[in-house]
file model-v4.csv (CSV, C-alpha atoms and all ligand atoms)
chain,number,residue,atom,x,y,z
A,694,MET,CA,120.0,120.2,111.9
A,695,TYR,CA,118.5,116.7,111.7
A,696,LEU,CA,120.2,113.4,110.9
A,697,TYR,CA,118.9,111.7,107.7
A,698,LYS,CA,119.9,108.4,106.1
A,699,VAL,CA,120.6,108.1,102.4
A,700,ILE,CA,118.1,105.4,101.3
A,701,SER,CA,118.7,105.5,97.5
A,702,ILE,CA,121.0,107.1,94.9
A,703,ILE,CA,120.0,106.9,91.3
A,704,LYS,CA,122.3,108.1,88.6
A,705,SER,CA,120.2,110.0,86.1
A,706,CYS,CA,121.1,112.0,83.0
A,707,ASP,CA,123.4,115.0,82.5
A,708,GLU,CA,125.7,114.1,85.5
A,709,ILE,CA,122.7,114.4,87.8
A,710,SER,CA,122.1,111.9,90.7
A,711,ILE,CA,118.8,111.6,92.6
A,712,TYR,CA,119.1,111.1,96.3
A,713,ARG,CA,116.4,110.0,98.7
A,714,LEU,CA,116.9,110.8,102.4
A,715,GLU,CA,114.9,109.4,105.3
A,716,PRO,CA,114.7,110.8,108.8
A,717,THR,CA,116.6,108.7,111.4
A,718,GLY,CA,114.4,109.7,114.3
A,719,ASN,CA,111.0,111.1,115.0
A,720,GLU,CA,112.2,114.6,114.1
A,721,LYS,CA,112.0,115.7,110.5
A,722,ILE,CA,111.7,118.9,108.6
A,723,GLU,CA,108.2,120.1,107.4
A,724,TYR,CA,108.5,122.0,104.1
A,725,LYS,CA,106.4,123.7,101.5
A,726,PRO,CA,106.7,122.7,97.8
A,727,GLY,CA,109.6,124.8,96.4
A,728,GLN,CA,111.6,125.3,99.5
A,729,PHE,CA,115.2,124.2,100.0
A,730,ILE,CA,117.4,122.6,102.6
A,731,MET,CA,121.0,122.9,103.6
A,732,LEU,CA,122.7,119.6,103.1
A,733,HIS,CA,125.6,118.8,105.4
A,734,LEU,CA,128.3,116.2,104.8
A,735,LEU,CA,129.4,114.8,108.1
A,736,GLY,CA,132.6,113.6,109.6
A,737,GLU,CA,133.2,110.7,111.9
A,738,LYS,CA,131.9,112.6,114.9
A,739,LYS,CA,128.9,113.8,112.9
A,740,GLN,CA,130.4,117.2,112.6
A,741,THR,CA,129.8,119.3,109.5
A,742,ILE,CA,132.6,118.9,106.9
A,743,ASP,CA,130.8,121.0,104.3
A,744,LYS,CA,127.3,122.2,103.3
A,745,ARG,CA,125.4,123.5,100.4
A,746,PRO,CA,121.8,124.5,99.7
A,747,TYR,CA,119.6,122.1,97.6
A,748,SER,CA,116.0,122.5,96.5
A,749,ILE,CA,113.7,119.7,97.5
A,750,ALA,CA,112.2,117.8,94.6
A,751,SER,CA,109.7,115.6,96.5
A,752,SER,CA,106.2,116.5,97.5
A,753,PRO,CA,105.9,117.5,101.1
A,754,SER,CA,103.7,114.5,101.9
A,755,GLU,CA,106.3,111.9,101.0
A,756,PRO,CA,108.1,110.2,103.9
A,757,TYR,CA,111.5,111.0,102.3
A,758,ILE,CA,113.2,114.1,100.9
A,759,GLU,CA,114.3,113.8,97.3
A,760,LEU,CA,117.2,115.9,95.9
A,761,ALA,CA,118.5,116.0,92.4
A,762,ILE,CA,122.1,117.1,92.4
A,763,LYS,CA,124.3,117.9,89.3
A,764,ASN,CA,127.9,116.8,89.8
A,765,VAL,CA,129.9,119.9,88.6
A,766,ASN,CA,133.1,118.5,90.2
A,767,GLY,CA,133.2,121.5,92.5
A,768,ARG,CA,134.1,121.7,96.2
A,769,PHE,CA,131.0,120.1,97.5
A,770,THR,CA,129.8,117.9,94.7
A,771,SER,CA,133.2,116.1,94.4
A,772,LYS,CA,132.9,115.1,98.1
A,773,LEU,CA,129.3,114.1,97.6
A,774,ASN,CA,130.4,111.4,95.1
A,775,ALA,CA,131.8,109.4,98.0
A,776,ILE,CA,128.3,109.1,99.7
A,777,LYS,CA,126.7,105.7,99.6
A,778,THR,CA,123.3,104.3,100.4
A,779,GLY,CA,123.0,103.9,104.2
A,780,ASP,CA,125.3,106.9,105.0
A,781,LEU,CA,124.1,109.6,107.3
A,782,VAL,CA,123.9,113.3,106.3
A,783,GLY,CA,122.7,116.4,108.0
A,784,VAL,CA,119.6,118.3,106.9
A,785,GLU,CA,118.9,121.8,108.0
A,786,GLY,CA,115.9,123.9,107.1
A,787,PRO,CA,113.6,124.4,105.3
A,788,PHE,CA,114.5,127.7,103.9
A,789,GLY,CA,113.2,130.1,101.2
A,790,HIS,CA,110.2,132.1,100.1
A,791,PHE,CA,109.9,130.4,96.7
A,792,TYR,CA,107.0,128.1,97.2
A,793,PHE,CA,103.7,127.2,95.7
A,794,ASN,CA,100.7,128.4,97.5
A,795,ASN,CA,97.9,126.5,95.7
A,796,GLU,CA,97.6,129.3,93.0
A,797,ASN,CA,95.0,128.0,90.5
A,798,LYS,CA,96.7,129.3,87.3
A,799,ALA,CA,100.5,128.8,87.2
A,800,ALA,CA,103.2,128.5,84.7
A,801,PHE,CA,106.4,126.8,85.8
A,802,ILE,CA,109.6,127.6,84.0
A,803,ALA,CA,112.8,125.5,84.5
A,804,GLY,CA,116.2,125.6,83.1
A,805,GLY,CA,118.3,122.4,83.5
A,806,VAL,CA,118.5,121.1,87.1
A,807,GLY,CA,116.4,124.1,88.1
A,808,ILE,CA,113.4,121.7,87.6
A,809,THR,CA,113.9,120.4,91.2
A,810,PRO,CA,111.7,122.9,93.2
A,811,LEU,CA,109.2,122.8,90.4
A,812,MET,CA,109.0,119.0,90.6
A,813,SER,CA,108.0,119.4,94.2
A,814,MET,CA,105.2,121.8,93.2
A,815,LEU,CA,103.9,119.6,90.4
A,816,ARG,CA,104.1,116.5,92.5
A,817,HIS,CA,102.2,118.3,95.2
A,818,ILE,CA,99.5,119.4,92.7
A,819,ILE,CA,99.0,115.9,91.4
A,820,LYS,CA,99.2,114.1,94.8
A,821,ASN,CA,96.6,116.5,96.3
A,822,LYS,CA,94.5,116.7,93.1
A,823,ILE,CA,94.6,120.5,93.2
A,824,LYS,CA,92.3,121.9,90.5
A,825,GLY,CA,93.7,124.5,88.2
A,826,THR,CA,95.5,125.3,85.0
A,827,TYR,CA,99.2,124.3,85.1
A,828,LYS,CA,101.9,124.5,82.5
A,829,LEU,CA,105.5,123.6,82.6
A,830,PHE,CA,108.1,125.1,80.3
A,831,TYR,CA,111.3,123.1,80.7
A,832,SER,CA,114.5,124.1,78.9
A,833,CYS,CA,117.1,121.4,78.3
A,834,LYS,CA,120.1,121.1,76.0
A,835,THR,CA,119.3,117.7,74.4
A,836,GLN,CA,116.9,114.9,74.9
A,837,ASN,CA,119.5,113.1,77.0
A,838,ASP,CA,119.4,115.9,79.5
A,839,ILE,CA,115.7,115.7,80.3
A,840,LEU,CA,115.4,114.9,84.0
A,841,TYR,CA,112.3,113.1,85.2
A,842,ARG,CA,111.3,112.5,81.6
A,843,GLU,CA,109.0,109.5,82.2
A,844,GLU,CA,107.3,111.1,85.2
A,845,LEU,CA,106.7,114.3,83.2
A,846,GLU,CA,105.0,112.2,80.4
A,847,GLU,CA,102.7,110.7,83.1
A,848,MET,CA,102.0,114.2,84.4
A,849,LYS,CA,100.7,115.2,80.9
A,850,LYS,CA,98.0,112.5,81.3
A,851,LYS,CA,97.0,114.0,84.6
A,852,GLY,CA,96.3,117.5,83.2
A,853,ILE,CA,99.7,119.3,83.4
A,854,GLU,CA,100.7,120.8,80.1
A,855,VAL,CA,104.4,120.0,79.7
A,856,ILE,CA,106.3,121.8,77.0
A,857,ILE,CA,110.0,120.8,76.7
A,858,PHE,CA,112.4,123.0,74.9
A,859,LEU,CA,115.6,121.5,73.4
A,860,THR,CA,118.2,124.1,72.7
A,861,ARG,CA,120.9,122.0,71.2
A,862,GLU,CA,119.0,119.5,69.0
A,863,GLU,CA,118.8,119.8,65.2
A,864,THR,CA,115.4,118.1,65.2
A,865,VAL,CA,113.0,117.6,68.0
A,866,PRO,CA,110.2,115.0,68.6
A,867,ALA,CA,106.6,115.9,68.0
A,868,GLY,CA,105.2,117.9,70.9
A,869,TYR,CA,108.6,119.4,71.8
A,870,GLU,CA,109.9,122.9,71.0
A,871,LYS,CA,113.3,123.7,69.4
A,872,GLY,CA,115.4,126.5,70.8
A,873,ARG,CA,114.9,128.9,73.7
A,874,ILE,CA,111.8,129.9,75.6
A,875,ASP,CA,110.7,133.2,74.0
A,876,GLU,CA,107.7,135.5,73.9
A,877,GLY,CA,106.1,133.8,70.9
A,878,ARG,CA,106.2,130.4,72.5
A,879,ILE,CA,104.9,131.7,75.8
A,880,ARG,CA,102.0,133.3,74.0
A,881,LYS,CA,101.4,130.1,72.0
A,882,TYR,CA,100.7,128.2,75.2
A,883,VAL,CA,99.5,130.9,77.6
A,884,LYS,CA,96.7,132.9,75.9
A,885,ASN,CA,96.2,135.3,78.8
A,886,PRO,CA,99.7,135.7,80.3
A,887,ASN,CA,98.8,138.3,82.9
A,888,GLU,CA,96.3,135.9,84.6
A,889,PHE,CA,99.1,133.5,85.5
A,890,VAL,CA,101.6,133.3,88.4
A,891,TYR,CA,105.1,132.3,87.2
A,892,PHE,CA,107.5,130.1,89.1
A,893,MET,CA,111.0,130.1,87.5
A,894,CYS,CA,114.1,128.4,88.6
A,895,GLY,CA,117.4,127.9,86.8
A,896,PRO,CA,120.7,129.7,85.8
A,897,SER,CA,120.5,133.4,86.7
A,898,ASN,CA,120.9,134.5,83.0
A,899,LEU,CA,117.8,132.5,82.0
A,900,VAL,CA,115.7,133.6,85.0
A,901,SER,CA,116.6,137.3,84.7
A,902,SER,CA,116.0,137.4,80.9
A,903,LEU,CA,112.6,135.7,81.3
A,904,LYS,CA,111.7,137.9,84.2
A,905,ASP,CA,112.3,141.0,82.0
A,906,LEU,CA,110.4,139.4,79.2
A,907,LEU,CA,107.3,138.7,81.4
A,908,ILE,CA,107.4,142.3,82.7
A,909,LYS,CA,107.5,143.5,79.1
A,910,MET,CA,104.4,141.3,78.4
A,911,ASN,CA,102.6,143.2,81.2
A,912,VAL,CA,102.7,140.4,83.8
A,913,PRO,CA,102.6,142.1,87.2
A,914,GLU,CA,106.0,141.8,89.0
A,915,THR,CA,104.1,140.4,92.0
A,916,SER,CA,103.1,137.4,89.8
A,917,ILE,CA,106.7,136.5,89.0
A,918,LYS,CA,108.4,134.2,91.6
A,919,PHE,CA,111.9,133.0,91.0
A,920,GLU,CA,115.0,131.4,92.4
A,921,SER,CA,118.3,131.4,90.6
A,922,TRP,CA,121.5,129.6,91.6
A,923,GLY,CA,124.3,131.8,90.4
A,1001,LIG,C1,118.5,127.9,96.9
A,1001,LIG,C2,119.5,127.0,96.1
A,1001,LIG,C3,119.0,125.7,95.7
A,1001,LIG,C4,119.8,124.9,94.9
A,1001,LIG,N1,119.4,123.7,94.5
A,1001,LIG,C5,120.1,122.9,93.7
A,1001,LIG,C6,119.6,121.6,93.2
A,1001,LIG,O1,118.5,121.2,93.4
A,1001,LIG,N2,120.5,120.9,92.5
A,1001,LIG,C7,121.8,121.2,92.2
A,1001,LIG,O2,122.5,120.5,91.5
A,1001,LIG,N3,122.3,122.4,92.7
A,1001,LIG,C8,121.5,123.2,93.4
A,1001,LIG,N4,122.0,124.4,93.9
A,1001,LIG,C9,123.5,124.7,93.7
A,1001,LIG,C10,124.3,124.1,94.9
A,1001,LIG,O3,124.0,124.7,96.1
A,1001,LIG,C11,125.8,124.2,94.6
A,1001,LIG,O4,126.1,125.5,94.3
A,1001,LIG,C12,126.2,123.2,93.5
A,1001,LIG,O5,126.0,121.9,93.9
A,1001,LIG,C13,127.8,123.4,93.2
A,1001,LIG,O6,128.5,123.2,94.4
A,1001,LIG,P1,130.0,122.8,94.4
A,1001,LIG,O7,130.6,123.2,95.8
A,1001,LIG,O8,130.3,121.4,94.0
A,1001,LIG,O9,130.6,123.8,93.3
A,1001,LIG,P2,131.6,125.0,93.5
A,1001,LIG,O10,132.9,124.6,93.9
A,1001,LIG,O11,130.8,126.1,94.3
A,1001,LIG,O12,131.6,125.5,91.9
A,1001,LIG,C14,132.2,124.8,90.9
A,1001,LIG,C15,131.9,125.3,89.5
A,1001,LIG,O13,130.7,124.8,89.1
A,1001,LIG,C16,129.8,125.8,88.6
A,1001,LIG,N5,128.4,125.4,88.8
A,1001,LIG,C17,127.7,125.3,90.0
A,1001,LIG,N6,126.4,124.8,89.8
A,1001,LIG,C18,126.4,124.5,88.4
A,1001,LIG,C19,125.3,124.0,87.6
A,1001,LIG,N7,124.1,123.7,88.1
A,1001,LIG,N8,125.6,123.8,86.3
A,1001,LIG,C20,126.8,124.1,85.8
A,1001,LIG,N9,127.8,124.6,86.5
A,1001,LIG,C21,127.6,124.9,87.8
A,1001,LIG,C22,130.2,127.0,89.4
A,1001,LIG,O14,129.8,128.2,88.8
A,1001,LIG,C23,131.7,126.8,89.5
A,1001,LIG,O15,132.3,127.3,88.3
A,1001,LIG,C24,121.2,125.3,94.7
A,1001,LIG,C25,121.6,126.5,95.1
A,1001,LIG,C26,120.8,127.4,95.8
A,1001,LIG,C27,121.3,128.7,96.3
call {"tool": "encode", "arguments": {"input": "model-v4.csv", "output": "structure tokens", "more": "lines below"}}
Ligand SMILES: Cc1cc2nc3c(=O)[nH]c(=O)nc-3n(C[C@H](O)[C@H](O)[C@H](O)COP(=O)(O)OP(=O)(O)OC[C@H]3O[C@@H](n4cnc5c(N)ncnc54)[C@H](O)[C@@H]3O)c2cc1C
result
Amino acid sequence: MYLYKVISIIKSCDEISIYRLEPTGNEKIEYKPGQFIMLHLLGEKKQTIDKRPYSIASSPSEPYIELAIKNVNGRFTSKLNAIKTGDLVGVEGPFGHFYFNNENKAAFIAGGVGITPLMSMLRHIIKNKIKGTYKLFYSCKTQNDILYREELEEMKKKGIEVIIFLTREETVPAGYEKGRIDEGRIRKYVKNPNEFVYFMCGPSNLVSSLKDLLIKMNVPETSIKFESWG
């Protein structure tokens, strides 16, 4: 476990706060886009009080680690509320086999705060000018719940096709989709679905139903990569 300092906390939408952490010494974790860390809250003697896994949202080349954490007022997140800029936390990892490996045709599918590992992948693609065909399907309840909205708009200008689905809005702005991600809408944006690799992250019901759908659409199971959080 390495000691990191909290360098910024930004309250975003939908009870989500964005934390940036910087290594305190020369040692830091090296990660691939999509991997996660174990975040430790520390006591006075730097002992672990509690810990939880969080996906990294930053591109691996950044000097900091960015996390986007939804406050669900649970055991860990209610303690995390007390953390301030300048505080120290423990970072252990990286962990996980859900990472982007510079595939040149990929569709990223996120539900809610499940956008975090996919942000790392998309930021990595843009930062390294990786050539390919990349599409993001991002499902949110309302416009107020869209995390990283401005950055996603910028990504559109850099060649990423961003399709945002709003499941609880009566009317949606031009360029957005209303309702859930379904076969018709996947086919509308992905003409040759079995040529793509899919990276999905979000609630387990969304991930497992979309996995079944992609298999039904003849996407090879080896092309479907996913992480779900319970
Ligand atoms: C690999 C991995 C990566 C993860 N990455 C992230 C991340 O980037 N951002 C993030 O916010 N969380 C992420 N999580 C979830 C995180 O680890 C915690 O489970 C979460 O923060 C809740 O912890 P808690 O102790 O506060 O809640 P608990 O006390 O464990 O649970 C409290 C209640 O909240 C519910 N709950 C938990 N998460 C959510 C949610 N997202 N939306 C609605 N209800 C929820 C639980 O079902 C439970 O009913 C990740 C989990 C895994 C396994």
call {"tool": "residues_around", "arguments": {"input": "model-v4.csv", "residues": "Ala800 in chain A", "least_positions_apart": "3", "cutoff": "12 Å", "atoms": "all atoms listed in the file", "output": "ChimeraX atom specification"}}
result
/A:793,796-797,803,811,814-815,825-831,853-856,879-880,882-894,907,912,916-919
call {"tool": "atom_distance", "arguments": {"input": "model-v4.csv", "atom1": "CA of His733 in chain A", "atom2": "CA of Thr809 in chain A"}}
result
18.5 Å
call {"tool": "residues_around", "arguments": {"input": "model-v4.csv", "residues": "Ile709 in chain A", "least_positions_apart": "3", "cutoff": "12 Å", "atoms": "only C-alpha atoms", "output": "list in words"}}
result
Ile702, Ile703, Lys704, Ser705, Cys706, Tyr712, Leu760, Ala761, Ile762, Lys763, Asn764, Val765, Asn766, Thr770, Leu773, Asn774, Gly805, Val806, Gly807, Ile808, Thr809, Asn837, Asp838, Ile839, Leu840 and Tyr841 of chain A
call {"tool": "closest_residue", "arguments": {"input": "model-v4.csv", "among": "A:Ile700, A:Ala867, A:Ala750, A:Leu734", "to": "Glu715 in chain A", "atoms": "only C-alpha atoms"}}
result
A:Ile700
call {"tool": "atom_distance", "arguments": {"input": "model-v4.csv", "atom1": "atom C17 of ligand LIG 1001 (chain A)", "atom2": "CA of Leu735 in chain A"}}
result
21.0 Å
call {"tool": "closest_residue", "arguments": {"input": "model-v4.csv", "among": "A:Phe791, A:Tyr724, A:Trp922, A:Tyr695", "to": "ligand LIG 1001 (chain A)", "atoms": "only C-alpha atoms and all ligand atoms"}}
result
A:Trp922
call {"tool": "closest_residue", "arguments": {"input": "model-v4.csv", "among": "A:Ile722, A:Leu906, A:Leu696, A:Ile857", "to": "Gly872 in chain A", "atoms": "all atoms listed in the file"}}
result
A:Ile857
call {"tool": "closest_residue", "arguments": {"input": "model-v4.csv", "among": "A:Thr835, A:Ile874, A:Ile758, A:Lys849", "to": "Glu862 in chain A", "atoms": "all atoms listed in the file"}}
result
A:Thr835
call {"tool": "atom_distance", "arguments": {"input": "model-v4.csv", "atom1": "CA of Lys824 in chain A", "atom2": "CA of Met848 in chain A"}}
result
13.8 Å
call {"tool": "closest_residue", "arguments": {"input": "model-v4.csv", "among": "A:Ser921, A:Thr778, A:Ser754, A:Thr741", "to": "Ile802 in chain A", "atoms": "all atoms listed in the file"}}
result
A:Ser921
call {"tool": "closest_residue", "arguments": {"input": "model-v4.csv", "among": "A:Lys698, A:Arg768, A:Arg713, A:Lys721", "to": "ligand LIG 1001 (chain A)", "atoms": "all atoms listed in the file"}}
result
A:Arg768
call {"tool": "axis_aligned_box", "arguments": {"input": "model-v4.csv", "around": "range 719-726 of chain A", "padding_each_side": "3 Å", "output": "lines of an AutoDock Vina configuration file"}}
result
center_x = 109.3
center_y = 117.4
center_z = 106.4
size_x = 11.8
size_y = 18.6
size_z = 23.2
